[in-house]
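One structure is given here, and the rest of the page talks about it.
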Protein chains: 2
Amino acid sequence: MILIAERINGMFTNVKQAIADKDKKVIQELAKKQTDAGAAYLDVNVGTAAADQEGTMQWLVEAIQETCSTPLCLDSQKPDVIAAGLKVINAQNGVILNSTPLNKKSDEEIFDKYIEMANQAGPKASIIVLTMDKNGVPQDINNRVAIAAEIVSKAMEKGFDTQRLFIDTIVLPVKVPNAQAQPGSILSAMDQIQYLSDPAPHMTIGLSNLSQGASQRSLINRVFLAMAISRGLDSAIVDVLDQDLMNLVATAEMLMNKQIYSDSFLKAYQLTK
Amino acid sequence: MILIAERINGMFTNVKQAIADKDKKVIQELAKKQTDAGAAYLDVNVGTAAADQEGTMQWLVEAIQETCSTPLCLDSQKPDVIAAGLKVINAQNGVILNSTPLNKKSDEEIFDKYIEMANQAGPKASIIVLTMDKNGVPQDINNRVAIAAEIVSKAMEKGFDTQRLFIDTIVLPVKVPNAQAQPGSILSAMDQIQYLSDPAPHMTIGLSNLSQGASQRSLINRVFLAMAISRGLDSAIVDVLDQDLMNLVATAEMLMNKQIYSDSFLKAYQLTK
């Protein structure tokens, strides 16, 4: 399971404040704590507060790299902000560009642009591609599978290794009334997406979005994550500091035969991270 | 989710002692506690200690029925013990005969016998049928699906409603080294079994067996149960007194759109039980 740690995000109050104060320490501590907890990548999102998004992305990347070498996942809806981060990043150990839709209303070739950026960043650079297109996020889950198929085939055309793709099937908050029927369908979509190519693209989700505004957030996240891991989900953007969630991941991987059972399987899993 | 409560079982020390002492109170308290916790059925298993298994089954059934009217799930590998229980049972609200394989080494028509017993017990009597035959439990999961198909077709031939069948795909302990690969395959089997007939047979498992002898029992049980519910598992023999497990069931049902989300969905679920 490729876990992308979600906490370095300007949406969290302490990160927002640290950005405003140019206080590196808060960021660096989060980077270290999340790395120790088992993050394969650290998501880096400037949030919406900072006026200079590109400069802030660079400041965050540089602050993190001063203290640890965990690969980063540059997270922005604006390609320029990701490009700014790429200018100062050390991508030797990999980097993820998070994220792009297949295409945009304007028909701008946005996915092509991300492939170019990833290729420039090096052979270990990957892209998170959302199963949405110029019409937005399809309510009909079959259309998300169709978009995923287009993403995979476009990547193949461009000679971009499908193993450098992370297909994000997008989970909406369960609290949103007309999204209630979606989690079950998204699981079925995952069943199909894992067979779109061989080797398969990675699949990922921004897990915490599922429980946005809900009660029992960690429980909701964990239950869905267990279901999704059993469908081949092999990556997620999560709160790696949630120990219950990390134990769930270890247990799910053991049950799916990706980790051997031993009486200390929870500890064993953490040691492999 | 049809939850069958597992605690009235002579394998547990306190139940074994209560049977030896003919101490009804222990049994009756377990019956009430499990009913309050949300059990749809109470499993009743005399265990192996009692010399007179048939008499003990009757004593247990009578003790429970003195105190509550929750339907029972008579649990024995010996049809005579189940038959003894049926003699004294009030099956108006239903009863489950737990369990029979498809057939036995001796080629004895054991499943037919259970259908007869269930029919005699009334229209609400169901049967748990194990996906095993005269050769035992198939290691190859495809063979379990094949046995399930035979079970369903045999029931149909006999005019026995498939909704009165609970197909048990059998989970072995993860601690058993050569069973490690099984949980994932069992989930795939469930994907198929739910489409064997319309309406589908119920699917059930003896969940706690999965974590027999393992560390982190509740966690292992919960993670697998979440995965299985997402595959259509609609019944399980579980420890309903495990509150974490009950919360997981509520969350899984909500995520699979069988329960509406509300901020108090955990409480709401308990109230429907």
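Going through the structure tokens in order, the chains are called A, B, and so on, while each chain numbers its residues from 1 and the ligands are numbered from 1 in the order shown.
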Restrict the calculation to only C-alpha atoms, then for each residue of chain B with any atom at most 10 Å from an atom of chain A give the closest atom pair and their distance in Å to one decimal, rows by chain and rising residue number, as CSV.
```
residue,atom,partner,partner_atom,distance
B:Val174,CA,A:Tyr261,CA,6.8
B:Lys175,CA,A:Tyr261,CA,6.5
B:Val176,CA,A:Tyr261,CA,9.0
B:Pro177,CA,A:Tyr261,CA,8.1
B:Ala179,CA,A:Asn257,CA,9.8
B:Gln180,CA,A:Asn257,CA,6.3
B:Ala181,CA,A:Asn257,CA,5.5
B:Gln182,CA,A:Asn257,CA,8.2
B:Pro183,CA,A:Leu255,CA,6.0
B:Gly184,CA,A:Met256,CA,5.1
B:Ser185,CA,A:Met256,CA,8.7
B:Leu187,CA,A:Ser230,CA,8.2
B:Ser188,CA,A:Ser230,CA,9.6
B:Leu210,CA,A:Leu255,CA,9.9
B:Gly213,CA,A:Asp263,CA,9.2
B:Ala214,CA,A:Asp263,CA,6.4
B:Ser215,CA,A:Asp263,CA,5.5
B:Gln216,CA,A:Asp263,CA,8.3
B:Leu219,CA,A:Leu248,CA,7.4
B:Ile220,CA,A:Thr251,CA,6.3
B:Asn221,CA,A:Thr251,CA,9.7
B:Arg222,CA,A:Val223,CA,8.7
B:Val223,CA,A:Ala226,CA,6.0
B:Phe224,CA,A:Leu255,CA,7.2
B:Leu225,CA,A:Met227,CA,9.1
B:Ala226,CA,A:Met227,CA,6.0
B:Met227,CA,A:Met227,CA,4.4
B:Ala228,CA,A:Met227,CA,7.9
B:Ile229,CA,A:Met227,CA,8.4
B:Ser230,CA,A:Met227,CA,6.2
B:Arg231,CA,A:Met227,CA,8.8
B:Asp244,CA,A:Leu219,CA,9.6
B:Asn247,CA,A:Leu219,CA,8.3
B:Leu248,CA,A:Val223,CA,6.9
B:Val249,CA,A:Val223,CA,9.1
B:Ala250,CA,A:Ile220,CA,9.9
B:Thr251,CA,A:Ile220,CA,6.3
B:Ala252,CA,A:Val223,CA,6.3
B:Met254,CA,A:Gln180,CA,8.2
B:Leu255,CA,A:Pro183,CA,6.0
B:Met256,CA,A:Gly184,CA,5.1
B:Asn257,CA,A:Ala181,CA,5.4
B:Lys258,CA,A:Ala181,CA,9.1
B:Gln259,CA,A:Gln180,CA,9.4
B:Ile260,CA,A:Gln180,CA,7.5
B:Tyr261,CA,A:Lys175,CA,6.5
B:Ser262,CA,A:Lys175,CA,7.4
B:Asp263,CA,A:Ser215,CA,5.4
B:Ser264,CA,A:Ser215,CA,7.5
B:Phe265,CA,A:Ser215,CA,8.6
B:Leu266,CA,A:Gln216,CA,8.8
```
Would you write out those residues with N, CA and C atoms, as a short mmCIF file (atom, residue, chain, number, x, y, z; two decimals), in the first residue's frame?
```cif
data_model
loop_
_atom_site.label_atom_id
_atom_site.label_comp_id
_atom_site.auth_asym_id
_atom_site.auth_seq_id
_atom_site.Cartn_x
_atom_site.Cartn_y
_atom_site.Cartn_z
N VAL B 174 -6.61 -17.50 9.99
CA VAL B 174 -5.45 -16.94 9.27
C VAL B 174 -4.15 -17.48 9.82
N LYS B 175 -4.20 -17.95 11.05
CA LYS B 175 -2.98 -18.47 11.69
C LYS B 175 -2.55 -19.80 11.07
N VAL B 176 -3.47 -20.50 10.43
CA VAL B 176 -3.13 -21.77 9.76
C VAL B 176 -2.36 -21.41 8.48
N PRO B 177 -1.06 -21.78 8.42
CA PRO B 177 -0.23 -21.27 7.32
C PRO B 177 -0.82 -21.45 5.93
N ALA B 179 -3.78 -21.55 4.97
CA ALA B 179 -5.08 -20.90 4.77
C ALA B 179 -4.89 -19.40 4.52
N GLN B 180 -3.64 -18.96 4.52
CA GLN B 180 -3.36 -17.51 4.43
C GLN B 180 -3.89 -16.89 3.15
N ALA B 181 -3.89 -17.67 2.08
CA ALA B 181 -4.30 -17.11 0.79
C ALA B 181 -5.82 -17.10 0.64
N GLN B 182 -6.52 -17.68 1.62
CA GLN B 182 -7.94 -17.90 1.40
C GLN B 182 -8.86 -16.69 1.52
N PRO B 183 -8.66 -15.80 2.49
CA PRO B 183 -9.68 -14.74 2.63
C PRO B 183 -9.98 -13.98 1.34
N GLY B 184 -8.94 -13.64 0.59
CA GLY B 184 -9.16 -12.93 -0.67
C GLY B 184 -9.99 -13.74 -1.65
N SER B 185 -9.70 -15.04 -1.73
CA SER B 185 -10.45 -15.90 -2.67
C SER B 185 -11.89 -16.08 -2.19
N LEU B 187 -13.67 -13.91 -0.75
CA LEU B 187 -14.40 -12.70 -1.17
C LEU B 187 -14.83 -12.83 -2.64
N SER B 188 -13.95 -13.36 -3.47
CA SER B 188 -14.30 -13.56 -4.88
C SER B 188 -15.44 -14.58 -5.01
N LEU B 210 -12.02 -17.09 11.85
CA LEU B 210 -10.93 -16.47 11.08
C LEU B 210 -9.75 -16.08 11.97
N GLY B 213 -7.02 -18.22 17.62
CA GLY B 213 -5.62 -18.36 18.02
C GLY B 213 -4.73 -17.20 17.62
N ALA B 214 -5.31 -16.21 16.95
CA ALA B 214 -4.49 -15.09 16.45
C ALA B 214 -4.46 -13.94 17.46
N SER B 215 -3.50 -13.04 17.29
CA SER B 215 -3.53 -11.80 18.06
C SER B 215 -4.43 -10.83 17.31
N GLN B 216 -4.90 -9.78 18.00
CA GLN B 216 -5.74 -8.76 17.34
C GLN B 216 -7.02 -9.37 16.77
N LEU B 219 -9.89 -6.95 15.62
CA LEU B 219 -9.47 -6.18 14.43
C LEU B 219 -9.52 -7.03 13.17
N ILE B 220 -8.98 -8.23 13.24
CA ILE B 220 -8.99 -9.13 12.08
C ILE B 220 -10.44 -9.43 11.67
N ASN B 221 -11.28 -9.73 12.66
CA ASN B 221 -12.68 -10.02 12.36
C ASN B 221 -13.35 -8.83 11.68
N ARG B 222 -13.10 -7.65 12.21
CA ARG B 222 -13.78 -6.46 11.69
C ARG B 222 -13.36 -6.14 10.26
N VAL B 223 -12.06 -6.21 10.00
CA VAL B 223 -11.57 -5.84 8.67
C VAL B 223 -12.14 -6.80 7.63
N PHE B 224 -12.13 -8.09 7.95
CA PHE B 224 -12.67 -9.05 6.97
C PHE B 224 -14.17 -8.86 6.80
N LEU B 225 -14.85 -8.58 7.92
CA LEU B 225 -16.31 -8.40 7.82
C LEU B 225 -16.66 -7.21 6.92
N ALA B 226 -15.90 -6.13 7.03
CA ALA B 226 -16.15 -4.97 6.16
C ALA B 226 -16.00 -5.37 4.70
N MET B 227 -14.92 -6.08 4.40
CA MET B 227 -14.69 -6.52 3.02
C MET B 227 -15.84 -7.40 2.54
N ALA B 228 -16.26 -8.32 3.39
CA ALA B 228 -17.28 -9.30 3.00
C ALA B 228 -18.65 -8.64 2.83
N ILE B 229 -18.97 -7.69 3.68
CA ILE B 229 -20.25 -6.99 3.54
C ILE B 229 -20.29 -6.27 2.19
N SER B 230 -19.15 -5.77 1.76
CA SER B 230 -19.12 -5.08 0.46
C SER B 230 -19.29 -6.06 -0.69
N ARG B 231 -19.19 -7.39 -0.44
CA ARG B 231 -19.40 -8.40 -1.46
C ARG B 231 -20.78 -9.03 -1.38
N ASP B 244 -17.27 -2.59 19.02
CA ASP B 244 -16.52 -2.12 17.85
C ASP B 244 -17.01 -2.83 16.58
N ASN B 247 -20.39 -1.45 15.60
CA ASN B 247 -20.24 -0.15 14.95
C ASN B 247 -19.73 -0.30 13.52
N LEU B 248 -18.86 -1.27 13.34
CA LEU B 248 -18.38 -1.55 11.98
C LEU B 248 -19.53 -1.98 11.09
N VAL B 249 -20.38 -2.86 11.58
CA VAL B 249 -21.50 -3.33 10.77
C VAL B 249 -22.39 -2.15 10.37
N ALA B 250 -22.69 -1.30 11.32
CA ALA B 250 -23.53 -0.12 11.03
C ALA B 250 -22.89 0.74 9.95
N THR B 251 -21.58 0.94 10.06
CA THR B 251 -20.87 1.80 9.11
C THR B 251 -20.82 1.15 7.72
N ALA B 252 -20.56 -0.15 7.70
CA ALA B 252 -20.49 -0.86 6.42
C ALA B 252 -21.85 -0.82 5.73
N MET B 254 -24.14 1.41 6.09
CA MET B 254 -24.37 2.80 5.64
C MET B 254 -23.59 3.05 4.34
N LEU B 255 -22.33 2.61 4.31
CA LEU B 255 -21.52 2.84 3.11
C LEU B 255 -22.04 2.06 1.91
N MET B 256 -22.69 0.91 2.17
CA MET B 256 -23.26 0.13 1.06
C MET B 256 -24.69 0.56 0.78
N ASN B 257 -25.06 1.71 1.34
CA ASN B 257 -26.35 2.33 1.03
C ASN B 257 -27.55 1.51 1.51
N LYS B 258 -27.37 0.75 2.59
CA LYS B 258 -28.48 -0.01 3.16
C LYS B 258 -29.05 0.70 4.37
N GLN B 259 -28.38 1.76 4.75
CA GLN B 259 -28.77 2.57 5.90
C GLN B 259 -28.44 4.00 5.50
N ILE B 260 -29.36 4.91 5.77
CA ILE B 260 -29.12 6.32 5.40
C ILE B 260 -28.08 6.93 6.34
N TYR B 261 -27.23 7.80 5.81
CA TYR B 261 -26.32 8.51 6.70
C TYR B 261 -27.07 9.57 7.48
N SER B 262 -26.84 9.59 8.80
CA SER B 262 -27.22 10.74 9.62
C SER B 262 -26.11 10.85 10.64
N ASP B 263 -25.99 12.01 11.31
CA ASP B 263 -24.88 12.16 12.24
C ASP B 263 -24.94 11.13 13.35
N SER B 264 -26.13 10.57 13.60
CA SER B 264 -26.25 9.57 14.65
C SER B 264 -26.50 8.18 14.04
N PHE B 265 -25.82 7.89 12.93
CA PHE B 265 -26.11 6.63 12.22
C PHE B 265 -25.80 5.39 13.05
N LEU B 266 -24.81 5.49 13.96
CA LEU B 266 -24.50 4.31 14.79
C LEU B 266 -25.66 4.00 15.72
#
```
Subject >> Residues within 8 Å of region 19-22 of chain A, only C-alpha atoms, excluding chain neighbours under 6 positions, as a VMD selection string >> reply: chain A and resid 10 50 56
Original post:
Using the chain letters and numbers from this document, which residues of region 22-270 of chain A does DSSP assign to strand (DSSP E), as a ChimeraX atom specification?
Top reply: /A:41-44,72-75,95-101,125-130,165-168,202-204,235-238
**OP:** Please return as an NGL selection string: the residues of region 174-242 of chain A that backbone DSSP assigns to alpha helix (DSSP H).
**Re:** :A and (182-193 or 217-229)
Original post:
Near Thr100 (chain A), counting only C-alpha atoms, which residues have an atom at most 9 Å away, once you skip same-chain residues fewer than 3 positions from it, shown as a count of residues only?
Top reply: 14
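Shell of region 37-42 of chain B at 7 Å, with only C-alpha atoms counted and residues fewer than 3 places along the chain excluded, is B:Ile2, B:Leu3, B:Ile4, B:Ala5, B:Glu6, B:Lys33, B:Gln34, B:Thr70, B:Pro71, B:Leu72, B:Cys73, B:Val240, B:Leu241, B:Gln270, B:Lys273.
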Write to file, as a PDB file, in the first residue's frame, the residues of the selection just made, with N, CA, C and O atoms.
```pdb
ATOM      1  N   ILE B   2     -28.113  -9.924   8.971  1.00  0.00           N
ATOM      2  CA  ILE B   2     -28.705 -10.862   9.923  1.00  0.00           C
ATOM      3  C   ILE B   2     -27.594 -11.387  10.826  1.00  0.00           C
ATOM      4  O   ILE B   2     -26.782 -12.224  10.426  1.00  0.00           O
ATOM      5  N   LEU B   3     -27.566 -10.858  12.040  1.00  0.00           N
ATOM      6  CA  LEU B   3     -26.481 -11.215  12.956  1.00  0.00           C
ATOM      7  C   LEU B   3     -26.897 -12.358  13.867  1.00  0.00           C
ATOM      8  O   LEU B   3     -27.932 -12.294  14.541  1.00  0.00           O
ATOM      9  N   ILE B   4     -26.098 -13.403  13.863  1.00  0.00           N
ATOM     10  CA  ILE B   4     -26.341 -14.572  14.699  1.00  0.00           C
ATOM     11  C   ILE B   4     -25.319 -14.532  15.839  1.00  0.00           C
ATOM     12  O   ILE B   4     -24.112 -14.526  15.585  1.00  0.00           O
ATOM     13  N   ALA B   5     -25.820 -14.465  17.065  1.00  0.00           N
ATOM     14  CA  ALA B   5     -24.943 -14.257  18.225  1.00  0.00           C
ATOM     15  C   ALA B   5     -24.318 -15.578  18.665  1.00  0.00           C
ATOM     16  O   ALA B   5     -25.002 -16.582  18.823  1.00  0.00           O
ATOM     17  N   GLU B   6     -23.013 -15.548  18.879  1.00  0.00           N
ATOM     18  CA  GLU B   6     -22.250 -16.797  19.021  1.00  0.00           C
ATOM     19  C   GLU B   6     -22.007 -17.282  20.439  1.00  0.00           C
ATOM     20  O   GLU B   6     -21.473 -18.379  20.634  1.00  0.00           O
ATOM     21  N   LYS B  33     -28.607 -10.337  26.972  1.00  0.00           N
ATOM     22  CA  LYS B  33     -27.565  -9.376  26.591  1.00  0.00           C
ATOM     23  C   LYS B  33     -27.344  -9.365  25.077  1.00  0.00           C
ATOM     24  O   LYS B  33     -27.202  -8.316  24.457  1.00  0.00           O
ATOM     25  N   GLN B  34     -27.324 -10.540  24.494  1.00  0.00           N
ATOM     26  CA  GLN B  34     -27.073 -10.623  23.052  1.00  0.00           C
ATOM     27  C   GLN B  34     -28.273 -10.100  22.256  1.00  0.00           C
ATOM     28  O   GLN B  34     -28.100  -9.505  21.194  1.00  0.00           O
ATOM     29  N   THR B  70     -36.246 -14.350  21.082  1.00  0.00           N
ATOM     30  CA  THR B  70     -35.354 -14.216  19.928  1.00  0.00           C
ATOM     31  C   THR B  70     -35.229 -15.577  19.232  1.00  0.00           C
ATOM     32  O   THR B  70     -35.020 -16.585  19.899  1.00  0.00           O
ATOM     33  N   PRO B  71     -35.360 -15.609  17.914  1.00  0.00           N
ATOM     34  CA  PRO B  71     -35.228 -16.887  17.212  1.00  0.00           C
ATOM     35  C   PRO B  71     -33.853 -17.533  17.465  1.00  0.00           C
ATOM     36  O   PRO B  71     -32.863 -16.827  17.683  1.00  0.00           O
ATOM     37  N   LEU B  72     -33.840 -18.853  17.401  1.00  0.00           N
ATOM     38  CA  LEU B  72     -32.605 -19.571  17.712  1.00  0.00           C
ATOM     39  C   LEU B  72     -31.975 -20.169  16.453  1.00  0.00           C
ATOM     40  O   LEU B  72     -32.644 -20.381  15.438  1.00  0.00           O
ATOM     41  N   CYS B  73     -30.697 -20.417  16.573  1.00  0.00           N
ATOM     42  CA  CYS B  73     -29.925 -21.049  15.508  1.00  0.00           C
ATOM     43  C   CYS B  73     -29.305 -22.291  16.150  1.00  0.00           C
ATOM     44  O   CYS B  73     -28.348 -22.179  16.916  1.00  0.00           O
ATOM     45  N   VAL B 240     -21.794 -10.410  19.058  1.00  0.00           N
ATOM     46  CA  VAL B 240     -22.554  -9.146  19.025  1.00  0.00           C
ATOM     47  C   VAL B 240     -22.253  -8.276  20.242  1.00  0.00           C
ATOM     48  O   VAL B 240     -22.632  -7.102  20.282  1.00  0.00           O
ATOM     49  N   LEU B 241     -21.558  -8.852  21.241  1.00  0.00           N
ATOM     50  CA  LEU B 241     -21.199  -8.050  22.416  1.00  0.00           C
ATOM     51  C   LEU B 241     -19.932  -7.224  22.163  1.00  0.00           C
ATOM     52  O   LEU B 241     -19.534  -6.418  22.998  1.00  0.00           O
ATOM     53  N   GLN B 270     -28.608   0.796  15.768  1.00  0.00           N
ATOM     54  CA  GLN B 270     -28.940  -0.029  16.929  1.00  0.00           C
ATOM     55  C   GLN B 270     -30.443  -0.027  17.214  1.00  0.00           C
ATOM     56  O   GLN B 270     -31.002  -1.020  17.638  1.00  0.00           O
ATOM     57  N   LYS B 273     -32.519  -2.546  15.404  1.00  0.00           N
ATOM     58  CA  LYS B 273     -32.265  -3.958  15.746  1.00  0.00           C
ATOM     59  C   LYS B 273     -33.247  -4.424  16.798  1.00  0.00           C
ATOM     60  O   LYS B 273     -33.678  -3.676  17.632  1.00  0.00           O
TER      61      LYS B 273
END
```
**OP:** Grab the CA of Asp140 (chain B) to CA of Gly206 (chain B) distance for me, in Å with one decimal place.
**Re:**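 Atom-to-atom, CA of Asp140 (chain B) to CA of Gly206 (chain B), that is 19.1 Å.
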What lies within 9 Å of region 122-126 of chain A using only C-alpha atoms, ignoring chain neighbours under 3 positions off, as a PDB file with N, CA and C atoms, in the first residue's frame?
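Heads up, here's the output in result-v4.pdb:
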```pdb
ATOM      1  N   ALA A  91      13.684  15.088  -7.090  1.00  0.00           N
ATOM      2  CA  ALA A  91      12.726  14.039  -7.461  1.00  0.00           C
ATOM      3  C   ALA A  91      13.391  12.685  -7.685  1.00  0.00           C
ATOM      4  N   GLN A  92      14.625  12.557  -7.199  1.00  0.00           N
ATOM      5  CA  GLN A  92      15.372  11.299  -7.390  1.00  0.00           C
ATOM      6  C   GLN A  92      14.621  10.089  -6.854  1.00  0.00           C
ATOM      7  N   ASN A  93      13.999  10.278  -5.693  1.00  0.00           N
ATOM      8  CA  ASN A  93      13.262   9.160  -5.088  1.00  0.00           C
ATOM      9  C   ASN A  93      11.812   9.099  -5.554  1.00  0.00           C
ATOM     10  N   GLY A  94      11.454   9.977  -6.479  1.00  0.00           N
ATOM     11  CA  GLY A  94      10.084   9.982  -6.977  1.00  0.00           C
ATOM     12  C   GLY A  94       9.330  11.224  -6.562  1.00  0.00           C
ATOM     13  N   VAL A  95       8.269  11.495  -7.287  1.00  0.00           N
ATOM     14  CA  VAL A  95       7.380  12.609  -6.973  1.00  0.00           C
ATOM     15  C   VAL A  95       6.041  12.267  -7.629  1.00  0.00           C
ATOM     16  N   ILE A  96       4.965  12.732  -7.000  1.00  0.00           N
ATOM     17  CA  ILE A  96       3.647  12.552  -7.626  1.00  0.00           C
ATOM     18  C   ILE A  96       3.053  13.923  -7.917  1.00  0.00           C
ATOM     19  N   LEU A  97       2.519  14.080  -9.115  1.00  0.00           N
ATOM     20  CA  LEU A  97       1.827  15.317  -9.495  1.00  0.00           C
ATOM     21  C   LEU A  97       0.337  15.090  -9.240  1.00  0.00           C
ATOM     22  N   ASN A  98      -0.219  15.842  -8.293  1.00  0.00           N
ATOM     23  CA  ASN A  98      -1.571  15.591  -7.786  1.00  0.00           C
ATOM     24  C   ASN A  98      -2.427  16.836  -7.919  1.00  0.00           C
ATOM     25  N   ILE A 115       1.701  14.946 -18.306  1.00  0.00           N
ATOM     26  CA  ILE A 115       2.638  13.905 -18.760  1.00  0.00           C
ATOM     27  C   ILE A 115       3.997  14.545 -19.079  1.00  0.00           C
ATOM     28  N   MET A 117       5.187  17.368 -17.825  1.00  0.00           N
ATOM     29  CA  MET A 117       5.820  17.789 -16.569  1.00  0.00           C
ATOM     30  C   MET A 117       6.439  16.583 -15.855  1.00  0.00           C
ATOM     31  N   ALA A 118       5.710  15.467 -15.852  1.00  0.00           N
ATOM     32  CA  ALA A 118       6.208  14.272 -15.169  1.00  0.00           C
ATOM     33  C   ALA A 118       7.462  13.749 -15.857  1.00  0.00           C
ATOM     34  N   ASN A 119       7.452  13.757 -17.186  1.00  0.00           N
ATOM     35  CA  ASN A 119       8.634  13.270 -17.912  1.00  0.00           C
ATOM     36  C   ASN A 119       9.855  14.144 -17.640  1.00  0.00           C
ATOM     37  N   GLN A 163       2.211   2.255 -14.980  1.00  0.00           N
ATOM     38  CA  GLN A 163       2.538   2.140 -13.543  1.00  0.00           C
ATOM     39  C   GLN A 163       2.917   3.481 -12.932  1.00  0.00           C
ATOM     40  N   ARG A 164       3.012   4.493 -13.778  1.00  0.00           N
ATOM     41  CA  ARG A 164       3.254   5.842 -13.255  1.00  0.00           C
ATOM     42  C   ARG A 164       1.932   6.616 -13.131  1.00  0.00           C
ATOM     43  N   LEU A 165       0.831   5.926 -13.374  1.00  0.00           N
ATOM     44  CA  LEU A 165      -0.498   6.549 -13.217  1.00  0.00           C
ATOM     45  C   LEU A 165      -1.144   6.109 -11.910  1.00  0.00           C
ATOM     46  N   PHE A 166      -1.718   7.049 -11.205  1.00  0.00           N
ATOM     47  CA  PHE A 166      -2.565   6.749 -10.060  1.00  0.00           C
ATOM     48  C   PHE A 166      -3.970   7.218 -10.439  1.00  0.00           C
TER      49      PHE A 166
END
```
Original post:
Which distance in Å separates CA of Ser153 (chain A) and CA of Ala121 (chain A), to one decimal?
Top reply: 21.7 Å
Original post:
Using only C-alpha atoms, which residues sit within 12 Å of Thr162 (chain B) once same-chain residues fewer than 5 positions away are excluded, as a ChimeraX atom specification?
Top reply: /B:115,125-129,148-157,167,193-203
Take the residues just selected and output them with C-alpha atoms as an mmCIF file, in the first residue's frame.
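Resulting contents of part.cif:
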```cif
data_model
loop_
_atom_site.group_PDB
_atom_site.id
_atom_site.type_symbol
_atom_site.label_atom_id
_atom_site.label_comp_id
_atom_site.auth_asym_id
_atom_site.auth_seq_id
_atom_site.Cartn_x
_atom_site.Cartn_y
_atom_site.Cartn_z
ATOM 1 C CA ILE B 115 -34.582 -29.785 4.178
ATOM 2 C CA ALA B 125 -37.056 -22.352 9.234
ATOM 3 C CA SER B 126 -33.766 -21.877 7.381
ATOM 4 C CA ILE B 127 -30.624 -23.942 6.919
ATOM 5 C CA ILE B 128 -26.961 -23.025 6.995
ATOM 6 C CA VAL B 129 -25.255 -25.127 4.329
ATOM 7 C CA ALA B 148 -22.751 -23.574 -3.594
ATOM 8 C CA ALA B 149 -24.281 -23.862 -7.057
ATOM 9 C CA GLU B 150 -25.166 -27.509 -6.376
ATOM 10 C CA ILE B 151 -26.718 -26.540 -3.045
ATOM 11 C CA VAL B 152 -28.884 -23.897 -4.684
ATOM 12 C CA SER B 153 -29.946 -26.147 -7.531
ATOM 13 C CA LYS B 154 -30.770 -29.026 -5.178
ATOM 14 C CA ALA B 155 -32.855 -26.700 -3.005
ATOM 15 C CA MET B 156 -34.737 -25.510 -6.088
ATOM 16 C CA GLU B 157 -35.417 -29.094 -7.197
ATOM 17 C CA ILE B 167 -24.546 -20.493 2.264
ATOM 18 C CA ILE B 193 -22.538 -16.857 -4.967
ATOM 19 C CA GLN B 194 -24.782 -13.827 -4.659
ATOM 20 C CA TYR B 195 -25.782 -14.279 -8.307
ATOM 21 C CA LEU B 196 -26.561 -18.012 -8.140
ATOM 22 C CA SER B 197 -30.283 -17.429 -7.852
ATOM 23 C CA ASP B 198 -32.798 -14.622 -7.827
ATOM 24 C CA PRO B 199 -33.700 -13.991 -5.086
ATOM 25 C CA ALA B 200 -30.194 -14.823 -3.908
ATOM 26 C CA PRO B 201 -29.485 -17.237 -1.097
ATOM 27 C CA HIS B 202 -28.209 -15.607 2.080
ATOM 28 C CA MET B 203 -24.492 -15.812 2.677
#
```
**OP:** Grab the CA of Gln28 (chain A) to CA of Cys68 (chain A) distance for me, in Å with one decimal place.
**Re:**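 We find that CA of Gln28 (chain A) and CA of Cys68 (chain A) lie 8.1 Å from each other.
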Subject >> Among the residues B:Asn9, B:Thr272, B:Gln192, B:Ser69, the one that comes closest to Asp239 (chain B) [using only C-alpha atoms] >> reply: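 Once distances to Asp239 (chain B) are computed over only C-alpha atoms, the minimum belongs to B:Asn9.
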